[in-house]
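For reference, my_file11.tsv (TSV, C-alpha atoms):
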```
chain	number	residue	atom	x	y	z
G	1	MET	CA	-4.90	-45.71	7.69
G	2	LYS	CA	-4.71	-42.26	6.10
G	3	ILE	CA	-8.00	-40.40	6.04
G	4	THR	CA	-9.64	-39.99	2.61
G	5	GLY	CA	-11.65	-37.12	1.22
G	6	ALA	CA	-15.09	-38.71	1.46
G	7	HIS	CA	-14.38	-39.99	4.97
G	8	ALA	CA	-13.13	-36.56	6.02
G	9	MET	CA	-16.27	-34.88	4.70
G	10	ASP	CA	-18.55	-37.38	6.40
G	11	ARG	CA	-16.80	-36.83	9.71
G	12	VAL	CA	-16.67	-33.05	9.50
G	13	VAL	CA	-20.37	-32.75	8.64
G	14	SER	CA	-21.28	-34.88	11.64
G	15	LEU	CA	-18.95	-32.88	13.89
G	16	VAL	CA	-20.07	-29.38	12.91
G	17	THR	CA	-23.79	-30.12	12.83
G	18	ARG	CA	-23.62	-31.50	16.37
G	19	ALA	CA	-21.71	-28.43	17.52
G	20	LEU	CA	-24.10	-26.02	15.81
G	21	ARG	CA	-27.19	-27.76	17.18
G	22	ASP	CA	-25.82	-27.20	20.68
G	23	VAL	CA	-26.07	-23.44	20.13
G	24	SER	CA	-29.17	-23.34	17.91
G	25	HIS	CA	-31.21	-21.80	20.74
G	26	LEU	CA	-28.96	-18.69	20.91
G	27	ASP	CA	-29.15	-15.44	18.93
G	28	TRP	CA	-27.81	-16.17	15.45
G	29	THR	CA	-28.23	-12.56	14.36
G	30	ALA	CA	-25.07	-11.74	16.33
G	31	PRO	CA	-21.92	-11.06	14.25
G	32	ALA	CA	-19.71	-14.11	13.80
G	33	ALA	CA	-16.28	-13.82	15.40
G	34	GLY	CA	-13.93	-11.81	13.22
G	35	LEU	CA	-16.39	-11.55	10.32
G	36	GLU	CA	-18.85	-9.01	8.96
G	37	TRP	CA	-21.46	-11.76	8.57
G	38	SER	CA	-23.96	-12.77	11.23
G	39	CYS	CA	-23.78	-16.26	12.70
G	40	HIS	CA	-26.80	-17.14	10.53
G	41	ASP	CA	-25.11	-15.91	7.34
G	42	THR	CA	-21.87	-17.66	8.26
G	43	ALA	CA	-23.66	-21.00	8.57
G	44	VAL	CA	-25.43	-20.32	5.28
G	45	HIS	CA	-21.99	-19.68	3.76
G	46	ILE	CA	-20.99	-23.23	4.71
G	47	VAL	CA	-24.13	-24.51	2.97
G	48	ASN	CA	-23.40	-22.49	-0.15
G	49	ASP	CA	-19.79	-23.68	-0.27
G	50	PHE	CA	-20.82	-27.32	0.04
G	51	THR	CA	-23.38	-26.83	-2.75
G	52	VAL	CA	-21.04	-25.06	-5.14
G	53	TYR	CA	-18.11	-27.40	-4.48
G	54	ALA	CA	-20.28	-30.45	-5.17
G	55	ALA	CA	-21.60	-28.88	-8.37
G	56	ARG	CA	-18.15	-27.93	-9.65
G	57	LEU	CA	-16.63	-31.32	-8.90
G	58	THR	CA	-19.53	-33.25	-10.43
G	59	ALA	CA	-19.43	-31.12	-13.60
G	60	ARG	CA	-15.60	-31.00	-13.66
G	61	ALA	CA	-16.06	-27.26	-14.20
G	62	GLN	CA	-13.21	-25.37	-15.84
G	63	GLY	CA	-14.32	-21.96	-14.60
G	64	PRO	CA	-16.97	-20.21	-12.49
G	65	MET	CA	-20.41	-21.69	-12.84
G	66	GLU	CA	-23.91	-21.01	-11.67
G	67	ALA	CA	-25.08	-23.45	-9.05
G	68	GLU	CA	-28.10	-23.84	-6.83
G	69	ARG	CA	-27.59	-21.87	-3.64
G	70	TYR	CA	-29.45	-22.24	-0.39
G	71	THR	CA	-29.73	-18.70	0.97
G	72	ALA	CA	-32.46	-19.25	3.55
G	73	PRO	CA	-33.22	-15.61	4.40
G	74	GLY	CA	-34.63	-15.58	7.90
G	75	ALA	CA	-34.65	-19.36	8.24
G	76	PRO	CA	-34.37	-20.57	11.84
G	77	PRO	CA	-31.04	-22.09	12.94
G	78	ALA	CA	-32.45	-25.64	12.94
G	79	GLU	CA	-33.34	-25.32	9.26
G	80	VAL	CA	-29.91	-23.95	8.36
G	81	ILE	CA	-28.21	-26.76	10.29
G	82	GLY	CA	-30.32	-29.27	8.37
G	83	ALA	CA	-29.10	-27.67	5.15
G	84	VAL	CA	-25.49	-28.02	6.32
G	85	ALA	CA	-26.10	-31.75	6.81
G	86	ALA	CA	-27.90	-32.18	3.48
G	87	THR	CA	-25.45	-30.25	1.33
G	88	GLY	CA	-22.50	-31.77	3.18
G	89	ALA	CA	-23.84	-35.19	2.24
G	90	ARG	CA	-24.09	-34.00	-1.37
G	91	LEU	CA	-20.44	-32.95	-1.41
G	92	THR	CA	-19.43	-36.20	0.31
G	93	ALA	CA	-21.20	-38.17	-2.42
G	94	ALA	CA	-19.57	-36.09	-5.16
G	95	VAL	CA	-16.12	-36.70	-3.68
G	96	ALA	CA	-16.76	-40.44	-3.33
G	97	ALA	CA	-18.04	-40.72	-6.92
G	98	ALA	CA	-15.22	-38.73	-8.56
G	99	ALA	CA	-12.66	-40.57	-10.67
G	100	PRO	CA	-8.97	-40.15	-9.79
G	101	GLY	CA	-8.37	-37.81	-12.72
G	102	ASP	CA	-11.41	-35.60	-12.21
G	103	ARG	CA	-10.48	-31.98	-11.56
G	104	ALA	CA	-12.47	-28.76	-11.33
G	105	TRP	CA	-11.83	-25.04	-11.07
G	106	HIS	CA	-11.60	-23.02	-7.89
G	107	PRO	CA	-10.21	-19.47	-7.56
G	108	TYR	CA	-7.46	-20.86	-5.32
G	109	GLY	CA	-6.37	-23.52	-7.82
G	110	THR	CA	-7.83	-26.34	-9.87
G	111	ALA	CA	-8.38	-29.30	-7.54
G	112	ASP	CA	-9.16	-33.01	-7.49
G	113	ALA	CA	-11.77	-34.66	-5.28
G	114	GLU	CA	-9.44	-34.73	-2.27
G	115	GLY	CA	-8.83	-31.01	-2.74
G	116	PHE	CA	-12.54	-30.21	-2.78
G	117	ALA	CA	-13.05	-32.39	0.29
G	118	ALA	CA	-10.27	-30.50	2.06
G	119	MET	CA	-11.89	-27.18	1.08
G	120	GLY	CA	-15.15	-28.40	2.56
G	121	VAL	CA	-13.39	-29.41	5.76
G	122	VAL	CA	-11.72	-26.01	6.09
G	123	GLU	CA	-14.91	-24.05	5.45
G	124	ALA	CA	-16.91	-26.19	7.87
G	125	LEU	CA	-14.37	-26.14	10.69
G	126	VAL	CA	-13.31	-22.50	10.67
G	127	HIS	CA	-16.78	-21.05	10.14
G	128	THR	CA	-18.28	-23.27	12.81
G	129	HIS	CA	-15.53	-21.92	15.07
G	130	ASP	CA	-16.56	-18.37	14.08
G	131	VAL	CA	-20.20	-19.02	15.01
G	132	LEU	CA	-19.46	-20.81	18.27
G	133	ASP	CA	-16.91	-18.23	19.38
G	134	ALA	CA	-19.40	-15.41	18.78
G	135	LEU	CA	-22.05	-17.24	20.80
G	136	GLY	CA	-19.73	-17.90	23.72
G	137	ALA	CA	-19.27	-21.65	23.11
G	138	ARG	CA	-15.49	-21.69	23.20
G	139	GLY	CA	-14.52	-25.34	23.50
G	140	PHE	CA	-14.72	-26.48	19.90
G	141	ALA	CA	-11.84	-28.91	19.33
G	142	PRO	CA	-12.02	-30.81	16.03
G	143	ASP	CA	-10.34	-34.14	15.50
G	144	PRO	CA	-6.63	-33.43	14.81
G	145	GLU	CA	-6.77	-35.93	11.94
G	146	LEU	CA	-9.33	-33.79	10.12
G	147	CYS	CA	-7.21	-30.67	10.56
G	148	THR	CA	-4.09	-32.49	9.38
G	149	PHE	CA	-5.94	-33.73	6.30
G	150	ALA	CA	-6.84	-30.14	5.35
G	151	LEU	CA	-3.40	-28.77	6.16
G	152	ASP	CA	-1.60	-31.46	4.18
G	153	ARG	CA	-3.78	-30.97	1.09
G	154	LEU	CA	-4.18	-27.19	0.96
G	155	PHE	CA	-1.50	-25.51	3.10
G	156	PRO	CA	1.96	-26.62	1.92
G	157	HIS	CA	3.26	-23.26	3.16
G	158	THR	CA	2.09	-23.60	6.77
G	159	PRO	CA	4.63	-24.72	9.41
G	160	ARG	CA	3.65	-27.55	11.74
G	161	ASP	CA	6.18	-27.05	14.52
G	162	ALA	CA	4.50	-24.23	16.44
G	163	ALA	CA	1.24	-25.81	17.62
G	164	ALA	CA	-1.20	-28.72	17.32
G	165	PRO	CA	-3.15	-29.14	14.04
G	166	TRP	CA	-6.29	-27.23	15.07
G	167	PRO	CA	-4.53	-24.04	16.27
G	168	THR	CA	-2.30	-24.32	13.20
G	169	LEU	CA	-5.35	-24.37	10.92
G	170	LEU	CA	-6.75	-21.35	12.74
G	171	TRP	CA	-3.44	-19.54	12.21
G	172	ALA	CA	-3.35	-20.52	8.52
G	173	THR	CA	-6.82	-19.00	8.03
G	174	GLY	CA	-5.98	-15.72	9.75
G	175	ARG	CA	-7.82	-16.31	13.02
G	176	THR	CA	-5.09	-16.45	15.64
G	177	ALA	CA	-1.41	-16.00	16.35
G	178	LEU	CA	1.00	-18.79	17.28
G	179	PRO	CA	4.33	-18.73	19.10
G	180	GLY	CA	6.75	-17.00	16.73
G	181	LEU	CA	4.02	-16.57	14.09
G	182	PRO	CA	1.93	-13.37	14.25
G	183	ARG	CA	-1.67	-13.40	13.11
G	184	LEU	CA	-1.95	-13.22	9.33
G	185	ALA	CA	-3.42	-10.10	7.74
G	186	ALA	CA	-3.87	-11.94	4.42
G	187	TRP	CA	-4.15	-15.64	3.72
G	188	ARG	CA	-5.27	-18.24	1.20
G	189	TRP	CA	-4.91	-21.94	0.54
G	190	TYR	CA	-3.18	-23.58	-2.43
G	191	ALA	CA	-5.14	-26.32	-4.14
G	192	ASP	CA	-2.62	-26.66	-6.98
G	193	PRO	CA	0.89	-25.50	-5.98
G	194	VAL	CA	3.70	-25.79	-8.53
G	195	PRO	CA	6.02	-28.74	-7.78
G	196	ALA	CA	9.74	-28.05	-7.94
G	197	GLY	CA	11.47	-31.25	-6.85
G	198	ASP	CA	11.52	-32.72	-3.37
G	199	ARG	CA	12.94	-29.75	-1.49
G	200	VAL	CA	10.78	-26.80	-2.54
G	201	VAL	CA	7.28	-26.07	-3.80
G	202	LEU	CA	6.07	-22.83	-5.41
G	203	CYS	CA	2.95	-21.04	-4.14
G	204	GLU	CA	1.65	-18.24	-6.33
G	205	VAL	CA	1.52	-14.74	-4.84
G	206	THR	CA	-1.92	-13.91	-6.20
G	207	PRO	CA	-3.45	-10.42	-6.10
G	208	ASP	CA	-5.38	-11.19	-2.90
G	209	VAL	CA	-2.13	-11.49	-0.92
G	210	ALA	CA	0.30	-9.54	-3.14
G	211	GLY	CA	-0.63	-6.16	-1.69
G	212	ASP	CA	-0.01	-7.36	1.85
G	213	LEU	CA	3.45	-8.68	0.93
G	214	ARG	CA	4.29	-5.52	-1.02
G	215	ASP	CA	3.30	-3.32	1.92
G	216	GLY	CA	5.47	-5.07	4.50
G	217	GLY	CA	3.24	-8.00	5.52
G	218	SER	CA	3.99	-11.69	5.27
G	219	GLY	CA	1.69	-12.42	2.32
G	220	GLY	CA	0.27	-15.32	4.33
G	221	PHE	CA	3.63	-17.11	4.56
G	222	ALA	CA	5.97	-17.92	7.45
G	223	TRP	CA	9.42	-16.45	6.76
G	224	PRO	CA	12.77	-16.96	8.47
G	225	ALA	CA	14.21	-14.01	10.35
G	226	ASP	CA	16.01	-12.64	7.26
G	227	GLY	CA	12.99	-12.65	4.96
G	228	PRO	CA	11.28	-11.68	2.86
G	229	ALA	CA	13.83	-9.92	0.68
G	230	GLU	CA	13.09	-6.58	-0.92
G	231	GLY	CA	13.15	-8.20	-4.37
G	232	THR	CA	10.29	-10.47	-3.34
G	233	ARG	CA	8.26	-7.53	-2.05
G	234	PHE	CA	8.94	-5.64	-5.29
G	235	ALA	CA	7.77	-8.62	-7.37
G	236	ALA	CA	4.58	-8.83	-5.30
G	237	GLY	CA	4.04	-5.15	-6.03
G	238	MET	CA	4.35	-5.85	-9.76
G	239	THR	CA	1.58	-8.44	-9.44
G	240	ALA	CA	-0.65	-6.03	-7.51
G	241	THR	CA	-0.05	-3.32	-10.12
G	242	ALA	CA	-0.76	-5.66	-13.03
G	243	TYR	CA	-4.05	-6.67	-11.40
G	244	ARG	CA	-4.99	-3.03	-10.86
G	245	ASP	CA	-4.14	-2.20	-14.48
G	246	GLY	CA	-6.01	-5.20	-15.90
G	247	THR	CA	-2.90	-6.90	-17.32
G	248	TYR	CA	-2.57	-9.66	-14.72
G	249	ARG	CA	-2.74	-13.24	-16.03
G	250	PRO	CA	-3.02	-16.00	-13.42
G	251	GLY	CA	0.20	-17.94	-13.11
G	252	TRP	CA	2.39	-15.38	-14.87
G	253	GLY	CA	3.38	-13.40	-11.79
G	254	ALA	CA	5.28	-13.94	-8.57
G	255	TYR	CA	5.62	-17.11	-6.49
G	256	ALA	CA	6.89	-17.78	-2.98
G	257	VAL	CA	9.53	-20.49	-2.73
G	258	ILE	CA	8.48	-22.80	0.11
G	259	ARG	CA	11.07	-25.09	1.69
G	260	THR	CA	9.34	-28.41	2.21
G	261	ASP	CA	11.25	-29.62	5.27
G	262	ASP	CA	10.04	-26.77	7.51
G	263	ARG	CA	7.37	-25.14	5.28
G	264	ARG	CA	9.00	-21.73	5.50
G	265	ALA	CA	8.99	-19.28	2.61
G	266	VAL	CA	12.66	-18.74	1.74
G	267	GLY	CA	12.43	-16.58	-1.37
G	268	GLY	CA	10.55	-15.40	-4.39
G	269	ILE	CA	10.59	-16.35	-8.06
G	270	GLY	CA	8.41	-15.59	-11.02
G	271	PHE	CA	7.72	-13.72	-14.23
G	272	HIS	CA	7.95	-9.98	-14.76
G	273	ALA	CA	4.86	-10.17	-16.99
G	274	ALA	CA	2.84	-12.58	-19.10
G	275	PRO	CA	4.50	-13.69	-22.36
G	276	ASP	CA	4.37	-11.26	-25.28
G	277	ALA	CA	3.01	-12.15	-28.72
G	278	ASP	CA	6.16	-14.18	-29.48
G	279	GLY	CA	6.09	-16.03	-26.16
G	280	ASN	CA	8.95	-14.08	-24.55
G	281	THR	CA	8.86	-13.45	-20.81
G	282	GLU	CA	11.45	-12.37	-18.25
G	283	VAL	CA	12.07	-14.35	-15.06
G	284	GLY	CA	13.65	-13.31	-11.79
G	285	TYR	CA	14.35	-14.88	-8.40
G	286	ASP	CA	15.90	-14.29	-5.02
G	287	LEU	CA	16.40	-16.29	-1.84
G	288	VAL	CA	16.87	-15.06	1.69
G	289	PRO	CA	20.57	-15.16	2.66
G	290	SER	CA	20.10	-18.06	5.08
G	291	ALA	CA	18.74	-20.30	2.29
G	292	ARG	CA	21.40	-19.64	-0.34
G	293	GLY	CA	24.18	-21.91	-1.51
G	294	ASN	CA	22.44	-25.28	-1.53
G	295	GLY	CA	20.68	-25.42	-4.89
G	296	LEU	CA	17.18	-24.35	-3.84
G	297	ALA	CA	17.10	-21.52	-6.39
G	298	THR	CA	17.94	-23.97	-9.18
G	299	ASP	CA	15.19	-26.33	-8.02
G	300	ALA	CA	12.71	-23.45	-7.96
G	301	LEU	CA	13.75	-22.24	-11.42
G	302	ASN	CA	13.42	-25.74	-12.87
G	303	GLY	CA	9.91	-25.99	-11.42
G	304	LEU	CA	8.92	-22.57	-12.76
G	305	ALA	CA	10.24	-23.41	-16.23
G	306	ALA	CA	8.40	-26.74	-16.30
G	307	TRP	CA	5.18	-24.95	-15.41
G	308	ALA	CA	5.70	-22.31	-18.12
G	309	PHE	CA	6.43	-24.88	-20.82
G	310	GLY	CA	3.34	-26.83	-19.83
G	311	GLN	CA	1.01	-23.92	-20.59
G	312	PRO	CA	-0.79	-23.46	-23.91
G	313	GLY	CA	1.25	-21.69	-26.58
G	314	ARG	CA	4.97	-21.17	-26.73
G	315	ALA	CA	7.16	-19.63	-24.07
G	316	VAL	CA	10.78	-18.47	-24.15
G	317	LEU	CA	12.22	-17.56	-20.76
G	318	HIS	CA	14.78	-14.77	-20.46
G	319	ALA	CA	16.90	-13.52	-17.57
G	320	SER	CA	19.48	-10.78	-16.99
G	321	VAL	CA	22.31	-11.09	-14.45
G	322	ASP	CA	25.05	-8.69	-13.41
G	323	GLU	CA	28.38	-9.82	-14.86
G	324	ASP	CA	29.94	-10.23	-11.41
G	325	ASN	CA	27.05	-12.20	-9.86
G	326	ALA	CA	28.66	-15.64	-10.07
G	327	PRO	CA	26.07	-17.48	-7.92
G	328	SER	CA	23.19	-16.32	-10.13
G	329	HIS	CA	25.07	-17.31	-13.29
G	330	GLY	CA	25.42	-20.76	-11.76
G	331	VAL	CA	21.69	-20.98	-11.02
G	332	LEU	CA	20.74	-20.17	-14.61
G	333	GLU	CA	23.34	-22.44	-16.18
G	334	ARG	CA	22.40	-25.40	-13.98
G	335	ALA	CA	18.77	-24.85	-15.03
G	336	GLY	CA	19.76	-25.08	-18.70
G	337	PHE	CA	19.71	-21.38	-19.66
G	338	GLU	CA	22.12	-20.33	-22.39
G	339	ARG	CA	23.96	-17.02	-22.71
G	340	THR	CA	22.62	-14.85	-25.51
G	341	GLY	CA	24.65	-11.66	-25.10
G	342	THR	CA	26.11	-8.99	-22.84
G	343	ALA	CA	25.10	-5.34	-22.56
G	344	GLY	CA	25.38	-2.63	-19.93
G	345	GLY	CA	27.26	-4.81	-17.49
G	346	GLN	CA	24.62	-7.58	-17.61
G	347	VAL	CA	24.62	-11.01	-19.20
G	348	ARG	CA	21.46	-12.09	-20.99
G	349	TYR	CA	20.21	-15.69	-20.86
G	350	ALA	CA	17.39	-17.61	-22.55
G	351	LEU	CA	15.72	-20.97	-22.16
G	352	ARG	CA	13.46	-22.62	-24.72
G	353	ALA	CA	11.16	-25.55	-24.22
G	354	PRO	CA	12.68	-29.00	-24.74
G	355	GLY	CA	12.28	-30.11	-28.34
G	356	GLY	CA	12.91	-26.67	-29.84
G	357	GLY	CA	9.68	-24.90	-28.86
G	358	GLY	CA	9.56	-21.13	-28.77
G	359	GLN	CA	11.28	-18.64	-31.03
```

Conversion result in structure tokens:
Amino acid sequence: MKITGAHAMDRVVSLVTRALRDVSHLDWTAPAAGLEWSCHDTAVHIVNDFTVYAARLTARAQGPMEAERYTAPGAPPAEVIGAVAATGARLTAAVAAAAPGDRAWHPYGTADAEGFAAMGVVEALVHTHDVLDALGARGFAPDPELCTFALDRLFPHTPRDAAAPWPTLLWATGRTALPGLPRLAAWRWYADPVPAGDRVVLCEVTPDVAGDLRDGGSGGFAWPADGPAEGTRFAAGMTATAYRDGTYRPGWGAYAVIRTDDRRAVGGIGFHAAPDADGNTEVGYDLVPSARGNGLATDALNGLAAWAFGQPGRAVLHASVDEDNAPSHGVLERAGFERTGTAGGQVRYALRAPGGGGQ
């Protein structure tokens, strides 16, 4: 039987509290592995995450909210571990009580109860690893089923063919390298990726990873040997610049195109900027050469358009293509775009929402 969110939380709380109690007699003022926090502050971070996640889910929060936080300055390890157990039980109860349609805000995407449970699992597992590793207790091996639950719910962009679930989760959170996959300099999870059919899913290149991708990094994605393309790096740079300039609007930037069969990023797609006062916005896309010619760009564009037309207000999508770029003309036409003119050697296209929305 597939593990559920409440069951996963119950199991992870039991697992990490046992592991932390085994090292509660050691020096928790030592820096946690790979972090600027101490082991004490890292464990308190788990407590705070559990508390805030439970509060957001219970309130179905639509944005940041104030919540009770357990900071425990100077509290002994046993007290902090007790808080992990207590607040973990609170999040478990919130997940179990949530209705199927209940959703709440998180900076990494609005999520349902299963999403918040998966977030709790990730925070508990990786930060317990950080504490144990710093204290010399290097044998922590969580249940693979727990790791798979978190990976399946939050990491649609993380390959599964390089290692077992626990090392894969450590790679996905920037803590280790895997065969053929160097350690990530930037990473995040995706609680609410954009669906684009059965073959691809879109993961937003948000400002926290855009700079890494722009500057030659992976952006937290696993790419084939011929990626990412320069167009994708340029689009990530546009997102980073918009954030710096205060014009960035979540969702209206760049996305990585993730191939679902191997969870590799095979291209980029997105908006040049947020819609103007009349709803007009320009779209662009590119795929790595090895992924072209099988309709993935059309799938991605259909998914992006569906997302845009589902947002408040009106949107009209525009695109420009060189006259001699036959494959790109085919992508736009298969996605329903119509030609609106030609100028300077480029063909202009537009797509309006079904039912005549837009201008």

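Distance check against Ile258 of chain G using all atoms listed in the file: of G:Glu145, G:Asp192, G:Glu323, G:Glu204, the minimum falls on G:Glu204.
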
What box, with edges along x, y and z, holds each listed atom of segment 333-344 of chain G when 3 Å is added on every side, and can you state its centre and edge lengths in Å to one decimal, as AutoDock Vina command-line options?
```
--center_x 22.4 --center_y -14.0 --center_z -19.7 --size_x 13.3 --size_y 28.8 --size_z 17.5
```

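The neighbours of segment 36-49 of chain G here are the residues that come within 8 Å of it, using only C-alpha atoms and leaving out any residue fewer than 5 positions away in the same chain; they are G:Trp28, G:Thr29, G:Ala30, G:Pro31, G:Arg69, G:Tyr70, G:Thr71, G:Ala72, G:Pro77, G:Val80, G:Ile81, G:Ala83, G:Val84, G:Thr87, G:Gly88, G:Gly120, G:Glu123, G:Ala124, G:His127, G:Thr128, G:Asp130, G:Val131, G:Ala134.
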
Exercise. What residues have an atom no more than 12 Å from (-20.6, -39.2, 5.6) in the file's own frame, counting only C-alpha atoms, and can you write them as a PyMOL selection string?
Worked result: chain G and resi 4-15+85-96+117

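Nearest to Arg153 of chain G of all the residues G:Ala297, G:Ala235, G:Ile3, G:Asp215 is G:Ile3, based on all atoms listed in the file.
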
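Residue nearest Asp286 of chain G within the list G:Gly267, G:Gly82, G:Gly313, G:Gly109: G:Gly267 [criterion: smallest interatomic distance, all atoms listed in the file].
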
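Proximity to Arg188 of chain G was assessed for G:Gly246, G:Pro107, G:Gly270, G:Pro100 counting all atoms listed in the file; the smallest distance is recorded for G:Pro107.
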
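Taking atom CA of Gly220 of chain G and atom CA of Trp187 of chain G as endpoints, the distance between them is 4.5 Å.
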
For this session: Go ahead and compute the interatomic distance for atom CA of Leu20 of chain G and atom CA of Ala141 of chain G, in Å to one decimal.
Result: 13.1 Å

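For the point (-6.5, -23.1, 10.0), the residues with at least one atom inside 10 Å, counting all atoms listed in the file, are Val122, Glu123, Leu125, Val126, Cys147, Thr148, Ala150, Leu151, Phe155, Thr158, Pro165, Trp166, Pro167, Thr168, Leu169, Leu170, Trp171, Ala172, Thr173, Gly174, Arg175, Thr176 and Trp189 of chain G.
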
For this session: Counting all atoms listed in the file, figure out which residue out of G:Val121, G:Ala254, G:Ala308, G:Ala242 gets nearest to Val16 of chain G.
Result: G:Val121

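Atom CA of Asp226 of chain G is found 22.7 Å from atom CA of Gly330 of chain G.
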
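Closest to Val288 of chain G among G:Ala78, G:Ala319, G:Ala225, G:Val331 is G:Ala225, based on only C-alpha atoms.
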
Would you kindly place N, CA and C atoms on segment 175-197 of chain G and return the model as a tab-separated table (two decimals), in the frame of the given file?
```
chain	number	residue	atom	x	y	z
G	175	ARG	N	-6.96	-16.48	11.85
G	175	ARG	CA	-7.82	-16.31	13.02
G	175	ARG	C	-7.09	-16.22	14.34
G	176	THR	N	-5.81	-16.49	14.38
G	176	THR	CA	-5.09	-16.45	15.64
G	176	THR	C	-3.60	-16.30	15.36
G	177	ALA	N	-2.86	-15.98	16.41
G	177	ALA	CA	-1.41	-16.00	16.35
G	177	ALA	C	-0.90	-17.28	16.99
G	178	LEU	N	0.34	-17.65	16.67
G	178	LEU	CA	1.00	-18.79	17.28
G	178	LEU	C	2.37	-18.34	17.78
G	179	PRO	N	2.99	-19.11	18.63
G	179	PRO	CA	4.33	-18.73	19.10
G	179	PRO	C	5.29	-18.52	17.92
G	180	GLY	N	5.82	-17.33	17.81
G	180	GLY	CA	6.75	-17.00	16.73
G	180	GLY	C	6.09	-16.71	15.40
G	181	LEU	N	4.75	-16.79	15.34
G	181	LEU	CA	4.02	-16.57	14.09
G	181	LEU	C	2.87	-15.61	14.35
G	182	PRO	N	3.02	-14.33	14.01
G	182	PRO	CA	1.93	-13.37	14.25
G	182	PRO	C	0.71	-13.69	13.41
G	183	ARG	N	-0.42	-13.19	13.84
G	183	ARG	CA	-1.67	-13.40	13.11
G	183	ARG	C	-1.55	-12.85	11.70
G	184	LEU	N	-2.06	-13.60	10.72
G	184	LEU	CA	-1.95	-13.22	9.33
G	184	LEU	C	-2.97	-12.15	8.97
G	185	ALA	N	-2.51	-11.12	8.25
G	185	ALA	CA	-3.42	-10.10	7.74
G	185	ALA	C	-4.02	-10.52	6.41
G	186	ALA	N	-3.37	-11.42	5.70
G	186	ALA	CA	-3.87	-11.94	4.42
G	186	ALA	C	-3.52	-13.42	4.36
G	187	TRP	N	-4.40	-14.21	3.80
G	187	TRP	CA	-4.15	-15.64	3.72
G	187	TRP	C	-4.94	-16.24	2.58
G	188	ARG	N	-4.54	-17.45	2.16
G	188	ARG	CA	-5.27	-18.24	1.20
G	188	ARG	C	-4.72	-19.66	1.25
G	189	TRP	N	-5.46	-20.59	0.68
G	189	TRP	CA	-4.91	-21.94	0.54
G	189	TRP	C	-4.42	-22.14	-0.88
G	190	TYR	N	-3.76	-23.28	-1.12
G	190	TYR	CA	-3.18	-23.58	-2.43
G	190	TYR	C	-3.61	-24.98	-2.84
G	191	ALA	N	-4.63	-25.03	-3.69
G	191	ALA	CA	-5.14	-26.32	-4.14
G	191	ALA	C	-4.24	-26.95	-5.19
G	192	ASP	N	-3.42	-26.14	-5.87
G	192	ASP	CA	-2.62	-26.66	-6.98
G	192	ASP	C	-1.25	-25.97	-7.01
G	193	PRO	N	-0.43	-26.14	-5.97
G	193	PRO	CA	0.89	-25.50	-5.98
G	193	PRO	C	1.77	-26.09	-7.08
G	194	VAL	N	2.81	-25.35	-7.45
G	194	VAL	CA	3.70	-25.79	-8.53
G	194	VAL	C	4.82	-26.63	-7.94
G	195	PRO	N	4.94	-27.91	-8.32
G	195	PRO	CA	6.02	-28.74	-7.78
G	195	PRO	C	7.37	-28.31	-8.34
G	196	ALA	N	8.39	-28.42	-7.51
G	196	ALA	CA	9.74	-28.05	-7.94
G	196	ALA	C	10.76	-28.97	-7.28
G	197	GLY	N	10.58	-30.28	-7.47
G	197	GLY	CA	11.47	-31.25	-6.85
G	197	GLY	C	11.00	-31.59	-5.45
```
